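Structure record follows, encoded as structure tokens.
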Amino acid sequence: MKDSGAITVPLKDVRHAVGRDYEDWKAAMQAEYETLKEKGAIEEVPAGQVTGQVIPMKIVATLKPTDVPGIKKKKIRTVVCGNFVKKHAQEELYTANADVTSVRAVLSEATRNKWGVQVVDVVGAFLNAPLPADSEDIFVEPPRILVQYGIIQGGYKWRVKHAVYGLRQAPRAWGQERDNQLRKARVSMGNGKYAVLEQSHVDSTVWLVMEDGGESESKNVNLVHGRKPLRYLVDYVDDFLVAGPRWLRAIIIKWMEKVWEVQVSESLEIGTWASASYLGGTIQATSKGFRFHQKQFTLDLLKAWNLEGCKPTLGVGGDLPSETVEEAESRDEPDPREVKLCQKLAGSLIWLSTRTRPDIAFAQSKISSDATKNPARGLAMGKRVLRYLAGTAGWGLNFEGEGSDLTAYGDASFEATKSISGTCVFFGGHLLAWRSAKQPQVAKSTADAEVTALSATLGMAENVKALLCSMRVPVELINVMCDNKAAIVLSTGEGSWKTKALANRVYYVREAVRLGLVTVNFVATDRQKSDSLSKFLPRNRMLETRRMLAMEDSEELTESSAGRAASQQ
């Protein structure tokens with residue numbers, strides 16, 4: 001399964017396709033070949049005229065999700081086998097992609113400002129990026145299946161001229177081309193006014209749409225920093241999330257259509273209940289804001305593990321006892337097949353737990369930890385999580401409300417070895433970031449563990465604040481909530497600490513409190529929103545913490561919206 005939610009189809013199934021499937025795959029291959037030709041990405045060369053290395057190519061066949069639930073379209077991508085190309089020590093390959101925290105921050109701002117959002121997909125994005133002029137000629141062998149399907153003739157090789165998928169330098173080439181186009185964008189808004197795109201200094205994939213004040217304004221630093229963005233744009237490879245007023249989105253998208261060939265989703269306006277796929281999930285407009293969920297990905301995951309018809313569980317915690325140090329040391333070497341299987345399951349759960357499902361973050365961290373040490377235990381726990389997901393497939397993050405306070409919750413679970421820290425950060429009631437992880441050192445007491453978690457919580461909250469400030473969203477104070485009074489006393493300067501390592505963490509929080517940047521407050525355990533990120537919880541408590549983490553079920557929202565529409569009629 002791919003990160004986008006697409007399902008890879010084995011090549012043998014494509015080769016032996018018949019009837020309607022054969023015609024659909026042939027049409028997908030024809031479309032891919034025509035795209036390569038139209039964008040000038042390849043040049044056909046007789047085989048006898050080629051000198052030097054010829055790199056093989058293959059096709060990647062996928063069933064890609066659409067905005068219509070349960071409907072997938074066939075897609076073919078020709079890919080260079082880049083692993084056959086000799087590596088160079090000096091080659092630069094890195095390119096940035098949006099962090100999911102930035103996506104959630106933009107959805108939060110869209111909710112607070114009553115904006116709509118749209119998803120824009122650049123068709124054949126990499127093929128728009130020419131390779132550097134000083135690069136050596138690259139010749140490839142076209143996939144033989146294209147000859148089998150009658151798309152191309154045999155006896156020809158291709159000279160690669162653009163960033164064809166599979167080349168190691170392709171992502172960077174596209175990233176540079178994309179960013180260069182966005183930097184020089186200047187769009188007319190009418191009445192002699194223009195809009196330009198300004199890059200966030202924290203996340204370079206977040207772009208602020210600003211009114212162009214001309215050269216004189218750009219020299220006034222205070223004025224520039226005081227301007228409010230008209231809207232936002234987030235890029236993730238070739239997918240753009242555009243948030244802002246409908247009229248402004250329209251002119252920006254019109255500019256993008258002039259630069260690239262794009263596919264644009266329907267407009268997601270608050271109250272319309274429209275939805276669009278983005279980043280392997282679904283963004284859905286609600287009556288008061290937006291929801292971000294991964295229901296289709298979850299259903300595909302259950303199907304991949306043959307659990308689509310299983311009996312759901314109401315919680316992620318199981319009856320698996322904690323393993324002692326002696327038991328761990330006496331355990332035999334794990335079966336490599338079980339290790340690989342557990343790692344595969346853990347990877348899929350990471351994709352869910354880091355984007356829309358904070359309620360499984362703690363269980364996922366446990367499964368990842370067991371993957372190479374005790375994969376049998378990890379698989380047992382993972383399948384219980386899958387059964388939990390079977391009953392909560394439609395749950396996701398809810399973005400509603402108009403607050404502007406930045407509040408972080410930190411919690412710890414004191415363990416015999418390394419304790420667990422759980423952290424979640426809210427802005428205006430919208431969950432923007434969270435984490436469940438083992439602490440870097442062994443805690444000697446509950447207070448030790450809580451102080452370490454408190455320090456980690458402040459660090460994550462400061463990262464979120466930096467992102468929001470780079471988006472010109474004012475944040476004055478960070479509120480940190482902790483359910484351990486000893487940790488609060490130590491962190492606010494009313495107590496002493498003798499352990500140097502922990503003292504540094506204590507002083508880190510104390511300094512922020514002294515400067516007036518942070519307040520540390522007590523919160524009762526039953527109101528601790530990060531409780532499920534540090535431990536397994538009983539079923540009733542699990543349901544309660546899901547609500548506290550601003551999560552909702554898409555099924556409930558759809559039914560309630562239908563009821564409201566019927567009552568209005």
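Following the order of the structure tokens, first chain is A, next is B, and so on, with residues numbered from 1 inside each chain and ligands from 1 in the order they appear.
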
Under the rule of at most 9 Å, produce a per-residue listing of segment 51-151 of chain A near segment 172-180 of chain A: chain, number, name, the closest pair of atoms, and the distance in Å, as JSON lines, using only C-alpha atoms.
```
{"residue": "A:Glu92", "atom": "CA", "partner": "A:Arg172", "partner_atom": "CA", "distance": 7.8}
{"residue": "A:Leu93", "atom": "CA", "partner": "A:Arg172", "partner_atom": "CA", "distance": 5.5}
{"residue": "A:Tyr94", "atom": "CA", "partner": "A:Arg172", "partner_atom": "CA", "distance": 5.9}
{"residue": "A:Thr95", "atom": "CA", "partner": "A:Arg172", "partner_atom": "CA", "distance": 4.9}
{"residue": "A:Ala96", "atom": "CA", "partner": "A:Gly175", "partner_atom": "CA", "distance": 7.3}
{"residue": "A:Asn97", "atom": "CA", "partner": "A:Gly175", "partner_atom": "CA", "distance": 8.6}
{"residue": "A:Ala125", "atom": "CA", "partner": "A:Trp174", "partner_atom": "CA", "distance": 7.0}
{"residue": "A:Phe126", "atom": "CA", "partner": "A:Trp174", "partner_atom": "CA", "distance": 5.1}
{"residue": "A:Leu127", "atom": "CA", "partner": "A:Trp174", "partner_atom": "CA", "distance": 7.9}
{"residue": "A:Asn128", "atom": "CA", "partner": "A:Trp174", "partner_atom": "CA", "distance": 7.2}
{"residue": "A:Ala129", "atom": "CA", "partner": "A:Trp174", "partner_atom": "CA", "distance": 5.1}
{"residue": "A:Pro130", "atom": "CA", "partner": "A:Ala173", "partner_atom": "CA", "distance": 7.2}
{"residue": "A:Leu131", "atom": "CA", "partner": "A:Ala173", "partner_atom": "CA", "distance": 6.7}
{"residue": "A:Pro132", "atom": "CA", "partner": "A:Ala173", "partner_atom": "CA", "distance": 8.2}
```

Print the selection's residues with N, CA and C atoms to a file, as a PDB file, in the first residue's frame.
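Below is the file that was written, out.pdb:
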```pdb
ATOM      1  N   GLU A  92      23.295  16.105  -5.223  1.00  0.00           N
ATOM      2  CA  GLU A  92      22.341  16.632  -4.259  1.00  0.00           C
ATOM      3  C   GLU A  92      20.951  16.115  -4.613  1.00  0.00           C
ATOM      4  N   LEU A  93      20.300  15.486  -3.640  1.00  0.00           N
ATOM      5  CA  LEU A  93      19.026  14.825  -3.914  1.00  0.00           C
ATOM      6  C   LEU A  93      17.882  15.339  -3.053  1.00  0.00           C
ATOM      7  N   TYR A  94      18.163  16.069  -1.985  1.00  0.00           N
ATOM      8  CA  TYR A  94      17.115  16.425  -1.025  1.00  0.00           C
ATOM      9  C   TYR A  94      16.130  17.448  -1.601  1.00  0.00           C
ATOM     10  N   THR A  95      14.864  17.242  -1.295  1.00  0.00           N
ATOM     11  CA  THR A  95      13.832  18.240  -1.563  1.00  0.00           C
ATOM     12  C   THR A  95      12.801  18.180  -0.445  1.00  0.00           C
ATOM     13  N   ALA A  96      12.249  19.328  -0.086  1.00  0.00           N
ATOM     14  CA  ALA A  96      11.332  19.403   1.058  1.00  0.00           C
ATOM     15  C   ALA A  96       9.908  19.044   0.654  1.00  0.00           C
ATOM     16  N   ASN A  97       9.195  18.442   1.593  1.00  0.00           N
ATOM     17  CA  ASN A  97       7.760  18.186   1.442  1.00  0.00           C
ATOM     18  C   ASN A  97       7.057  18.611   2.718  1.00  0.00           C
ATOM     19  N   ALA A 125       3.812  15.835 -12.655  1.00  0.00           N
ATOM     20  CA  ALA A 125       4.572  16.959 -12.103  1.00  0.00           C
ATOM     21  C   ALA A 125       6.057  16.882 -12.435  1.00  0.00           C
ATOM     22  N   PHE A 126       6.697  15.733 -12.166  1.00  0.00           N
ATOM     23  CA  PHE A 126       8.141  15.638 -12.367  1.00  0.00           C
ATOM     24  C   PHE A 126       8.538  15.928 -13.810  1.00  0.00           C
ATOM     25  N   LEU A 127       7.647  15.595 -14.734  1.00  0.00           N
ATOM     26  CA  LEU A 127       7.971  15.751 -16.151  1.00  0.00           C
ATOM     27  C   LEU A 127       8.044  17.212 -16.566  1.00  0.00           C
ATOM     28  N   ASN A 128       7.595  18.125 -15.703  1.00  0.00           N
ATOM     29  CA  ASN A 128       7.699  19.560 -15.989  1.00  0.00           C
ATOM     30  C   ASN A 128       9.085  20.109 -15.692  1.00  0.00           C
ATOM     31  N   ALA A 129       9.913  19.326 -15.005  1.00  0.00           N
ATOM     32  CA  ALA A 129      11.219  19.818 -14.560  1.00  0.00           C
ATOM     33  C   ALA A 129      12.321  19.313 -15.478  1.00  0.00           C
ATOM     34  N   PRO A 130      12.980  20.202 -16.231  1.00  0.00           N
ATOM     35  CA  PRO A 130      14.087  19.768 -17.084  1.00  0.00           C
ATOM     36  C   PRO A 130      15.299  19.389 -16.236  1.00  0.00           C
ATOM     37  N   LEU A 131      16.068  18.416 -16.726  1.00  0.00           N
ATOM     38  CA  LEU A 131      17.307  18.050 -16.043  1.00  0.00           C
ATOM     39  C   LEU A 131      18.341  19.153 -16.253  1.00  0.00           C
ATOM     40  N   PRO A 132      19.307  19.299 -15.367  1.00  0.00           N
ATOM     41  CA  PRO A 132      20.342  20.329 -15.534  1.00  0.00           C
ATOM     42  C   PRO A 132      21.012  20.239 -16.898  1.00  0.00           C
TER      43      PRO A 132
END
```

Apply DSSP to the structure's backbone, then extract all residues of segment 338-535 of chain A labelled strand (DSSP E) and return them as a PDB file with N, CA, C and O atoms, in the first residue's frame.
```
ATOM      1  N   TRP A 395     -13.284   7.745  12.141  1.00  0.00           N
ATOM      2  CA  TRP A 395     -12.876   8.779  13.089  1.00  0.00           C
ATOM      3  C   TRP A 395     -11.683   9.562  12.552  1.00  0.00           C
ATOM      4  O   TRP A 395     -10.798   9.025  11.889  1.00  0.00           O
ATOM      5  N   GLY A 396     -11.675  10.861  12.832  1.00  0.00           N
ATOM      6  CA  GLY A 396     -10.577  11.725  12.396  1.00  0.00           C
ATOM      7  C   GLY A 396     -10.584  13.015  13.190  1.00  0.00           C
ATOM      8  O   GLY A 396     -11.364  13.192  14.131  1.00  0.00           O
ATOM      9  N   LEU A 397      -9.719  13.935  12.806  1.00  0.00           N
ATOM     10  CA  LEU A 397      -9.567  15.198  13.529  1.00  0.00           C
ATOM     11  C   LEU A 397     -10.647  16.188  13.123  1.00  0.00           C
ATOM     12  O   LEU A 397     -10.958  16.338  11.931  1.00  0.00           O
ATOM     13  N   ASN A 398     -11.185  16.881  14.104  1.00  0.00           N
ATOM     14  CA  ASN A 398     -12.236  17.867  13.883  1.00  0.00           C
ATOM     15  C   ASN A 398     -11.662  19.264  14.072  1.00  0.00           C
ATOM     16  O   ASN A 398     -11.039  19.545  15.101  1.00  0.00           O
ATOM     17  N   PHE A 399     -11.849  20.143  13.098  1.00  0.00           N
ATOM     18  CA  PHE A 399     -11.398  21.526  13.205  1.00  0.00           C
ATOM     19  C   PHE A 399     -12.624  22.425  13.238  1.00  0.00           C
ATOM     20  O   PHE A 399     -13.209  22.755  12.198  1.00  0.00           O
ATOM     21  N   GLU A 400     -13.018  22.805  14.419  1.00  0.00           N
ATOM     22  CA  GLU A 400     -14.158  23.698  14.617  1.00  0.00           C
ATOM     23  C   GLU A 400     -13.841  24.645  15.764  1.00  0.00           C
ATOM     24  O   GLU A 400     -13.072  24.301  16.666  1.00  0.00           O
ATOM     25  N   LEU A 406      -2.856  28.886  22.657  1.00  0.00           N
ATOM     26  CA  LEU A 406      -1.974  27.760  22.387  1.00  0.00           C
ATOM     27  C   LEU A 406      -1.776  26.998  23.697  1.00  0.00           C
ATOM     28  O   LEU A 406      -1.158  27.502  24.633  1.00  0.00           O
ATOM     29  N   THR A 407      -2.319  25.799  23.757  1.00  0.00           N
ATOM     30  CA  THR A 407      -2.292  25.005  24.980  1.00  0.00           C
ATOM     31  C   THR A 407      -1.705  23.637  24.693  1.00  0.00           C
ATOM     32  O   THR A 407      -2.098  22.967  23.733  1.00  0.00           O
ATOM     33  N   ALA A 408      -0.737  23.236  25.526  1.00  0.00           N
ATOM     34  CA  ALA A 408      -0.079  21.939  25.365  1.00  0.00           C
ATOM     35  C   ALA A 408      -0.299  21.101  26.611  1.00  0.00           C
ATOM     36  O   ALA A 408      -0.230  21.606  27.736  1.00  0.00           O
ATOM     37  N   TYR A 409      -0.571  19.823  26.415  1.00  0.00           N
ATOM     38  CA  TYR A 409      -0.790  18.875  27.509  1.00  0.00           C
ATOM     39  C   TYR A 409       0.351  17.864  27.514  1.00  0.00           C
ATOM     40  O   TYR A 409       0.667  17.280  26.467  1.00  0.00           O
ATOM     41  N   GLY A 410       0.959  17.662  28.688  1.00  0.00           N
ATOM     42  CA  GLY A 410       2.046  16.697  28.809  1.00  0.00           C
ATOM     43  C   GLY A 410       1.748  15.683  29.897  1.00  0.00           C
ATOM     44  O   GLY A 410       1.286  16.041  30.985  1.00  0.00           O
ATOM     45  N   ASP A 411       2.021  14.415  29.604  1.00  0.00           N
ATOM     46  CA  ASP A 411       1.753  13.359  30.571  1.00  0.00           C
ATOM     47  C   ASP A 411       2.857  12.310  30.456  1.00  0.00           C
ATOM     48  O   ASP A 411       3.543  12.217  29.437  1.00  0.00           O
ATOM     49  N   ALA A 412       3.035  11.545  31.518  1.00  0.00           N
ATOM     50  CA  ALA A 412       4.052  10.496  31.520  1.00  0.00           C
ATOM     51  C   ALA A 412       3.508   9.261  32.211  1.00  0.00           C
ATOM     52  O   ALA A 412       2.674   9.348  33.108  1.00  0.00           O
ATOM     53  N   SER A 413       4.000   8.120  31.787  1.00  0.00           N
ATOM     54  CA  SER A 413       3.688   6.846  32.425  1.00  0.00           C
ATOM     55  C   SER A 413       4.988   6.285  32.978  1.00  0.00           C
ATOM     56  O   SER A 413       5.892   5.928  32.214  1.00  0.00           O
ATOM     57  N   ILE A 420       7.257   6.529  29.436  1.00  0.00           N
ATOM     58  CA  ILE A 420       6.648   7.009  28.191  1.00  0.00           C
ATOM     59  C   ILE A 420       6.162   8.435  28.375  1.00  0.00           C
ATOM     60  O   ILE A 420       5.519   8.760  29.377  1.00  0.00           O
ATOM     61  N   SER A 421       6.478   9.294  27.411  1.00  0.00           N
ATOM     62  CA  SER A 421       5.963  10.668  27.399  1.00  0.00           C
ATOM     63  C   SER A 421       4.853  10.781  26.369  1.00  0.00           C
ATOM     64  O   SER A 421       4.972  10.268  25.250  1.00  0.00           O
ATOM     65  N   GLY A 422       3.783  11.460  26.745  1.00  0.00           N
ATOM     66  CA  GLY A 422       2.693  11.740  25.819  1.00  0.00           C
ATOM     67  C   GLY A 422       2.461  13.241  25.760  1.00  0.00           C
ATOM     68  O   GLY A 422       2.357  13.892  26.802  1.00  0.00           O
ATOM     69  N   THR A 423       2.406  13.785  24.560  1.00  0.00           N
ATOM     70  CA  THR A 423       2.280  15.231  24.384  1.00  0.00           C
ATOM     71  C   THR A 423       1.273  15.541  23.285  1.00  0.00           C
ATOM     72  O   THR A 423       1.263  14.855  22.258  1.00  0.00           O
ATOM     73  N   CYS A 424       0.442  16.540  23.500  1.00  0.00           N
ATOM     74  CA  CYS A 424      -0.431  17.030  22.434  1.00  0.00           C
ATOM     75  C   CYS A 424      -0.553  18.553  22.555  1.00  0.00           C
ATOM     76  O   CYS A 424      -0.565  19.100  23.657  1.00  0.00           O
ATOM     77  N   VAL A 425      -0.602  19.225  21.408  1.00  0.00           N
ATOM     78  CA  VAL A 425      -0.620  20.688  21.360  1.00  0.00           C
ATOM     79  C   VAL A 425      -1.863  21.142  20.609  1.00  0.00           C
ATOM     80  O   VAL A 425      -2.104  20.717  19.474  1.00  0.00           O
ATOM     81  N   PHE A 426      -2.641  22.011  21.253  1.00  0.00           N
ATOM     82  CA  PHE A 426      -3.872  22.554  20.675  1.00  0.00           C
ATOM     83  C   PHE A 426      -3.706  24.044  20.407  1.00  0.00           C
ATOM     84  O   PHE A 426      -3.071  24.757  21.186  1.00  0.00           O
ATOM     85  N   PHE A 427      -4.299  24.493  19.314  1.00  0.00           N
ATOM     86  CA  PHE A 427      -4.397  25.933  19.047  1.00  0.00           C
ATOM     87  C   PHE A 427      -5.850  26.255  18.737  1.00  0.00           C
ATOM     88  O   PHE A 427      -6.417  25.751  17.769  1.00  0.00           O
ATOM     89  N   HIS A 430      -8.019  23.265  18.308  1.00  0.00           N
ATOM     90  CA  HIS A 430      -7.694  22.363  17.193  1.00  0.00           C
ATOM     91  C   HIS A 430      -6.394  21.640  17.510  1.00  0.00           C
ATOM     92  O   HIS A 430      -5.377  22.274  17.817  1.00  0.00           O
ATOM     93  N   LEU A 431      -6.395  20.324  17.415  1.00  0.00           N
ATOM     94  CA  LEU A 431      -5.201  19.530  17.687  1.00  0.00           C
ATOM     95  C   LEU A 431      -4.244  19.637  16.500  1.00  0.00           C
ATOM     96  O   LEU A 431      -4.556  19.200  15.398  1.00  0.00           O
ATOM     97  N   LEU A 432      -3.057  20.222  16.738  1.00  0.00           N
ATOM     98  CA  LEU A 432      -2.092  20.433  15.665  1.00  0.00           C
ATOM     99  C   LEU A 432      -0.926  19.462  15.706  1.00  0.00           C
ATOM    100  O   LEU A 432      -0.355  19.131  14.666  1.00  0.00           O
ATOM    101  N   ALA A 433      -0.522  19.017  16.898  1.00  0.00           N
ATOM    102  CA  ALA A 433       0.648  18.150  16.991  1.00  0.00           C
ATOM    103  C   ALA A 433       0.520  17.246  18.207  1.00  0.00           C
ATOM    104  O   ALA A 433      -0.093  17.623  19.204  1.00  0.00           O
ATOM    105  N   TRP A 434       1.116  16.065  18.122  1.00  0.00           N
ATOM    106  CA  TRP A 434       1.129  15.138  19.252  1.00  0.00           C
ATOM    107  C   TRP A 434       2.279  14.150  19.075  1.00  0.00           C
ATOM    108  O   TRP A 434       2.834  13.995  17.986  1.00  0.00           O
ATOM    109  N   ARG A 435       2.625  13.495  20.177  1.00  0.00           N
ATOM    110  CA  ARG A 435       3.691  12.491  20.109  1.00  0.00           C
ATOM    111  C   ARG A 435       3.598  11.568  21.312  1.00  0.00           C
ATOM    112  O   ARG A 435       3.258  12.008  22.415  1.00  0.00           O
ATOM    113  N   SER A 436       3.894  10.297  21.073  1.00  0.00           N
ATOM    114  CA  SER A 436       4.011   9.305  22.134  1.00  0.00           C
ATOM    115  C   SER A 436       5.335   8.601  21.927  1.00  0.00           C
ATOM    116  O   SER A 436       5.568   8.010  20.869  1.00  0.00           O
ATOM    117  N   ALA A 437       6.230   8.670  22.919  1.00  0.00           N
ATOM    118  CA  ALA A 437       7.572   8.115  22.723  1.00  0.00           C
ATOM    119  C   ALA A 437       8.213   7.770  24.057  1.00  0.00           C
ATOM    120  O   ALA A 437       7.862   8.319  25.099  1.00  0.00           O
ATOM    121  N   LYS A 438       9.179   6.852  23.994  1.00  0.00           N
ATOM    122  CA  LYS A 438       9.965   6.535  25.173  1.00  0.00           C
ATOM    123  C   LYS A 438      10.841   7.721  25.551  1.00  0.00           C
ATOM    124  O   LYS A 438      11.304   8.473  24.682  1.00  0.00           O
ATOM    125  N   ILE A 478       2.181  30.496  25.804  1.00  0.00           N
ATOM    126  CA  ILE A 478       1.974  29.052  25.741  1.00  0.00           C
ATOM    127  C   ILE A 478       1.481  28.574  27.103  1.00  0.00           C
ATOM    128  O   ILE A 478       2.116  28.840  28.128  1.00  0.00           O
ATOM    129  N   ASN A 479       0.344  27.901  27.106  1.00  0.00           N
ATOM    130  CA  ASN A 479      -0.184  27.314  28.336  1.00  0.00           C
ATOM    131  C   ASN A 479       0.162  25.826  28.356  1.00  0.00           C
ATOM    132  O   ASN A 479      -0.241  25.084  27.463  1.00  0.00           O
ATOM    133  N   VAL A 480       0.914  25.399  29.371  1.00  0.00           N
ATOM    134  CA  VAL A 480       1.297  23.996  29.509  1.00  0.00           C
ATOM    135  C   VAL A 480       0.509  23.399  30.659  1.00  0.00           C
ATOM    136  O   VAL A 480       0.518  23.927  31.771  1.00  0.00           O
ATOM    137  N   MET A 481      -0.164  22.288  30.399  1.00  0.00           N
ATOM    138  CA  MET A 481      -1.012  21.636  31.389  1.00  0.00           C
ATOM    139  C   MET A 481      -0.375  20.316  31.832  1.00  0.00           C
ATOM    140  O   MET A 481       0.012  19.488  30.994  1.00  0.00           O
ATOM    141  N   CYS A 482      -0.271  20.132  33.155  1.00  0.00           N
ATOM    142  CA  CYS A 482       0.363  18.946  33.722  1.00  0.00           C
ATOM    143  C   CYS A 482      -0.488  18.450  34.889  1.00  0.00           C
ATOM    144  O   CYS A 482      -1.040  19.259  35.640  1.00  0.00           O
ATOM    145  N   VAL A 518       5.548  31.343  29.053  1.00  0.00           N
ATOM    146  CA  VAL A 518       4.852  30.091  29.340  1.00  0.00           C
ATOM    147  C   VAL A 518       4.193  30.173  30.710  1.00  0.00           C
ATOM    148  O   VAL A 518       4.731  30.795  31.631  1.00  0.00           O
ATOM    149  N   THR A 519       3.026  29.587  30.813  1.00  0.00           N
ATOM    150  CA  THR A 519       2.429  29.342  32.123  1.00  0.00           C
ATOM    151  C   THR A 519       2.255  27.837  32.285  1.00  0.00           C
ATOM    152  O   THR A 519       1.879  27.147  31.331  1.00  0.00           O
ATOM    153  N   VAL A 520       2.583  27.329  33.472  1.00  0.00           N
ATOM    154  CA  VAL A 520       2.432  25.906  33.760  1.00  0.00           C
ATOM    155  C   VAL A 520       1.297  25.754  34.753  1.00  0.00           C
ATOM    156  O   VAL A 520       1.333  26.337  35.843  1.00  0.00           O
ATOM    157  N   ASN A 521       0.280  24.998  34.374  1.00  0.00           N
ATOM    158  CA  ASN A 521      -0.932  24.880  35.182  1.00  0.00           C
ATOM    159  C   ASN A 521      -1.240  23.423  35.483  1.00  0.00           C
ATOM    160  O   ASN A 521      -0.883  22.516  34.716  1.00  0.00           O
ATOM    161  N   PHE A 522      -1.938  23.233  36.585  1.00  0.00           N
ATOM    162  CA  PHE A 522      -2.355  21.886  36.962  1.00  0.00           C
ATOM    163  C   PHE A 522      -3.678  21.553  36.288  1.00  0.00           C
ATOM    164  O   PHE A 522      -4.575  22.385  36.181  1.00  0.00           O
TER     165      PHE A 522
END
```

ask   = Which of these residues is nearest to Pro336 of chain A, using only C-alpha atoms: A:Gln441, A:Thr372, A:Ser554, A:Thr35?
value =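 Looking at the shortest contact to Pro336 of chain A, the residue is A:Thr372.
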
task = Measuring atom to atom with only C-alpha atoms, identify which of A:Val80, A:Ala453, A:Leu386, A:Leu107 is nearest to Ala163 of chain A.
result = A:Val80

Atom CA of Thr62 of chain A to atom CA of Thr78 of chain A, distance in Å rounded to a single decimal =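 That distance, rounded to one decimal, is 11.6 Å.
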
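In terms of minimum interatomic distance to Ala380 of chain A, A:Glu338 ranks closest within A:Asp332, A:Glu544, A:Glu338, A:Glu44, counting only C-alpha atoms.
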
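Using only C-alpha atoms for every distance, the candidate list A:Thr282, A:Thr111, A:Ser348, A:Ser353 yields A:Ser348 as the residue closest to Leu301 of chain A.
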
message = DSSP on the backbone: which residues in segment 97-328 of chain A end up as helix (DSSP H, G or I)? Give the answer as a count of residues only.
response = 75

query = With only C-alpha atoms as the atoms that count, which of A:Arg168, A:Lys73, A:Lys418, A:His201 lies nearest to Ala466 of chain A?
reply =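 Closest to Ala466 of chain A, using only C-alpha atoms: A:His201.
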